[in-house]
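See below for the structure under consideration.
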Amino acid sequence: MENATLYERIGGDEALRLLTDRFYDLVFQHELISRLFKNDKEEIKEKQRLFLTQFLGGPQLYSDVHGHPMMRARHMPHTITEDDAVAWLQCMSTAVGELPIDKSLKDELFDRFPRTAFFMVNS
């Protein structure tokens with residue numbers, strides 16, 4: 001697996017389904033950031049799974065279905081603060097921590113998120 005992508009090394013689609021299921025269970029219950037997620041939970045999880053597949057080096061599923069991610073533009077209608085980004089990262093950290101993969105892979109996976117989370121801050 002020397003040239004394998006992070007997507008492949010964490011377990012591909014199966015791992016991302018576990019991650020998005022747990023992550024959104026946490027997000028939808030979080031007192032600070034649940035307000036940001038008003039659409040259908042299953043639809044949100046599916047979009048995140050498609051995006052993460054692409055983001056972690058897997059197939060370009062998100063782009064195939066929804067076009068270029070343009071993540072900042074897609075999040076601009078929502079007021080997102082630094083506190084929101086921290087809360088989002090806390091939920092993601094918990095979800096990543098529960099994946100059945102080695103700690104080094106968990107660390108590598110989580111390290112992909114802080115920059116993106118803070119890039120979404122717009123308030």
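In the structure tokens, each chain is lettered A, B, ... as it comes, each chain's residues begin at 1, and ligands are numbered from 1 in order of appearance.
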
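If you count only C-alpha atoms and ignore residues fewer than 6 places along the chain from segment 58-69 of chain A, what sits within 8 Å of it is Thr5, Tyr7, Glu8, Gly12, Lys47, Leu50 and Phe51 of chain A.
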
For segment 23-27 of chain A: contacts at 10 Å, only C-alpha atoms, fewer than 6 positions along chain excluded, given as a PDB file with N, CA and C atoms, in the first residue's frame:
ATOM      1  N   ARG A  17     -18.362   5.845   5.557  1.00  0.00           N
ATOM      2  CA  ARG A  17     -19.750   5.702   6.023  1.00  0.00           C
ATOM      3  C   ARG A  17     -19.798   5.678   7.549  1.00  0.00           C
ATOM      4  N   ILE A  33     -23.409  24.035  16.987  1.00  0.00           N
ATOM      5  CA  ILE A  33     -23.378  23.959  15.516  1.00  0.00           C
ATOM      6  C   ILE A  33     -24.551  23.237  14.874  1.00  0.00           C
ATOM      7  N   SER A  34     -25.427  22.646  15.648  1.00  0.00           N
ATOM      8  CA  SER A  34     -26.570  21.959  15.029  1.00  0.00           C
ATOM      9  C   SER A  34     -27.405  22.922  14.185  1.00  0.00           C
ATOM     10  N   ARG A  35     -27.398  24.207  14.527  1.00  0.00           N
ATOM     11  CA  ARG A  35     -28.157  25.221  13.779  1.00  0.00           C
ATOM     12  C   ARG A  35     -27.687  25.342  12.332  1.00  0.00           C
ATOM     13  N   LEU A  36     -26.474  24.923  12.056  1.00  0.00           N
ATOM     14  CA  LEU A  36     -25.915  25.043  10.707  1.00  0.00           C
ATOM     15  C   LEU A  36     -26.397  23.929   9.780  1.00  0.00           C
ATOM     16  N   PHE A  37     -27.042  22.932  10.314  1.00  0.00           N
ATOM     17  CA  PHE A  37     -27.399  21.740   9.541  1.00  0.00           C
ATOM     18  C   PHE A  37     -28.909  21.555   9.547  1.00  0.00           C
ATOM     19  N   LYS A  41     -30.754  15.019   7.174  1.00  0.00           N
ATOM     20  CA  LYS A  41     -29.510  14.446   7.695  1.00  0.00           C
ATOM     21  C   LYS A  41     -28.895  13.446   6.721  1.00  0.00           C
ATOM     22  N   GLU A  42     -29.695  12.600   6.115  1.00  0.00           N
ATOM     23  CA  GLU A  42     -29.163  11.595   5.188  1.00  0.00           C
ATOM     24  C   GLU A  42     -28.560  12.259   3.950  1.00  0.00           C
ATOM     25  N   ILE A  44     -27.227  15.296   3.845  1.00  0.00           N
ATOM     26  CA  ILE A  44     -25.989  15.937   4.294  1.00  0.00           C
ATOM     27  C   ILE A  44     -24.880  14.897   4.438  1.00  0.00           C
ATOM     28  N   LYS A  45     -25.190  13.762   5.040  1.00  0.00           N
ATOM     29  CA  LYS A  45     -24.189  12.705   5.210  1.00  0.00           C
ATOM     30  C   LYS A  45     -23.690  12.213   3.856  1.00  0.00           C
ATOM     31  N   GLN A  48     -21.348  14.753   2.319  1.00  0.00           N
ATOM     32  CA  GLN A  48     -20.059  14.730   3.028  1.00  0.00           C
ATOM     33  C   GLN A  48     -19.249  13.505   2.630  1.00  0.00           C
ATOM     34  N   ALA A  87     -15.911  23.614  17.325  1.00  0.00           N
ATOM     35  CA  ALA A  87     -16.930  22.615  17.665  1.00  0.00           C
ATOM     36  C   ALA A  87     -16.998  21.534  16.586  1.00  0.00           C
ATOM     37  N   TRP A  88     -16.956  21.961  15.325  1.00  0.00           N
ATOM     38  CA  TRP A  88     -16.969  21.023  14.204  1.00  0.00           C
ATOM     39  C   TRP A  88     -15.783  20.077  14.318  1.00  0.00           C
ATOM     40  N   LEU A  89     -14.615  20.627  14.608  1.00  0.00           N
ATOM     41  CA  LEU A  89     -13.408  19.814  14.734  1.00  0.00           C
ATOM     42  C   LEU A  89     -13.482  18.866  15.930  1.00  0.00           C
ATOM     43  N   GLN A  90     -14.104  19.294  17.008  1.00  0.00           N
ATOM     44  CA  GLN A  90     -14.267  18.406  18.158  1.00  0.00           C
ATOM     45  C   GLN A  90     -15.134  17.205  17.784  1.00  0.00           C
ATOM     46  N   CYS A  91     -16.205  17.456  17.066  1.00  0.00           N
ATOM     47  CA  CYS A  91     -17.072  16.356  16.610  1.00  0.00           C
ATOM     48  C   CYS A  91     -16.302  15.431  15.673  1.00  0.00           C
ATOM     49  N   MET A  92     -15.541  16.010  14.759  1.00  0.00           N
ATOM     50  CA  MET A  92     -14.776  15.199  13.810  1.00  0.00           C
ATOM     51  C   MET A  92     -13.699  14.402  14.544  1.00  0.00           C
ATOM     52  N   SER A  93     -13.052  15.014  15.517  1.00  0.00           N
ATOM     53  CA  SER A  93     -12.027  14.308  16.280  1.00  0.00           C
ATOM     54  C   SER A  93     -12.614  13.080  16.979  1.00  0.00           C
ATOM     55  N   THR A  94     -13.772  13.248  17.577  1.00  0.00           N
ATOM     56  CA  THR A  94     -14.432  12.121  18.242  1.00  0.00           C
ATOM     57  C   THR A  94     -14.769  11.031  17.237  1.00  0.00           C
ATOM     58  N   ALA A  95     -15.333  11.428  16.102  1.00  0.00           N
ATOM     59  CA  ALA A  95     -15.726  10.449  15.079  1.00  0.00           C
ATOM     60  C   ALA A  95     -14.499   9.720  14.523  1.00  0.00           C
ATOM     61  N   VAL A  96     -13.447  10.456  14.217  1.00  0.00           N
ATOM     62  CA  VAL A  96     -12.218   9.834  13.714  1.00  0.00           C
ATOM     63  C   VAL A  96     -11.647   8.895  14.771  1.00  0.00           C
ATOM     64  N   GLU A  98     -13.057   7.068  16.808  1.00  0.00           N
ATOM     65  CA  GLU A  98     -13.818   5.822  16.937  1.00  0.00           C
ATOM     66  C   GLU A  98     -13.660   4.885  15.749  1.00  0.00           C
TER      67      GLU A  98
END

- Message: Going by DSSP on the backbone, which residues of segment 17-85 of chain A come out as alpha helix (DSSP H)? List them as an NGL selection string.
- Response: :A and (17-29 or 41-55 or 61-66 or 71-75 or 82-85)

- Might you pull out every residue within 10 Å of Arg112 of chain A, with only C-alpha atoms counted and same-chain residues fewer than 4 positions away left off, and present them as an NGL selection string? :A and (55-56 or 107-108 or 116-117)

- Message: Counting only C-alpha atoms, which residue out of A:Leu32, A:Asn39, A:Ile10, A:Glu2 sits closest to Phe110 of chain A?
- Response: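 Answer, going by the shortest atom-to-atom distance: A:Ile10.
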
- Message: Considering only C-alpha atoms, can you say which of A:Glu31, A:Glu46, A:Asp84, A:Asp13 comes closest to Met120 of chain A?
- Response: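 Distance minimum relative to Met120 of chain A lands on A:Asp84.
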
- When you draw a straight line from atom CA of Glu14 of chain A to atom CA of Pro114 of chain A, how long is it in Å?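 Between these atoms lies a distance of 22.9 Å.
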
- Item | atom CA of Leu6 of chain A to atom CA of Phe118 of chain A, straight-line distance in Å |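 So the two atoms, atom CA of Phe118 of chain A and atom CA of Leu6 of chain A, lie 21.3 Å apart.
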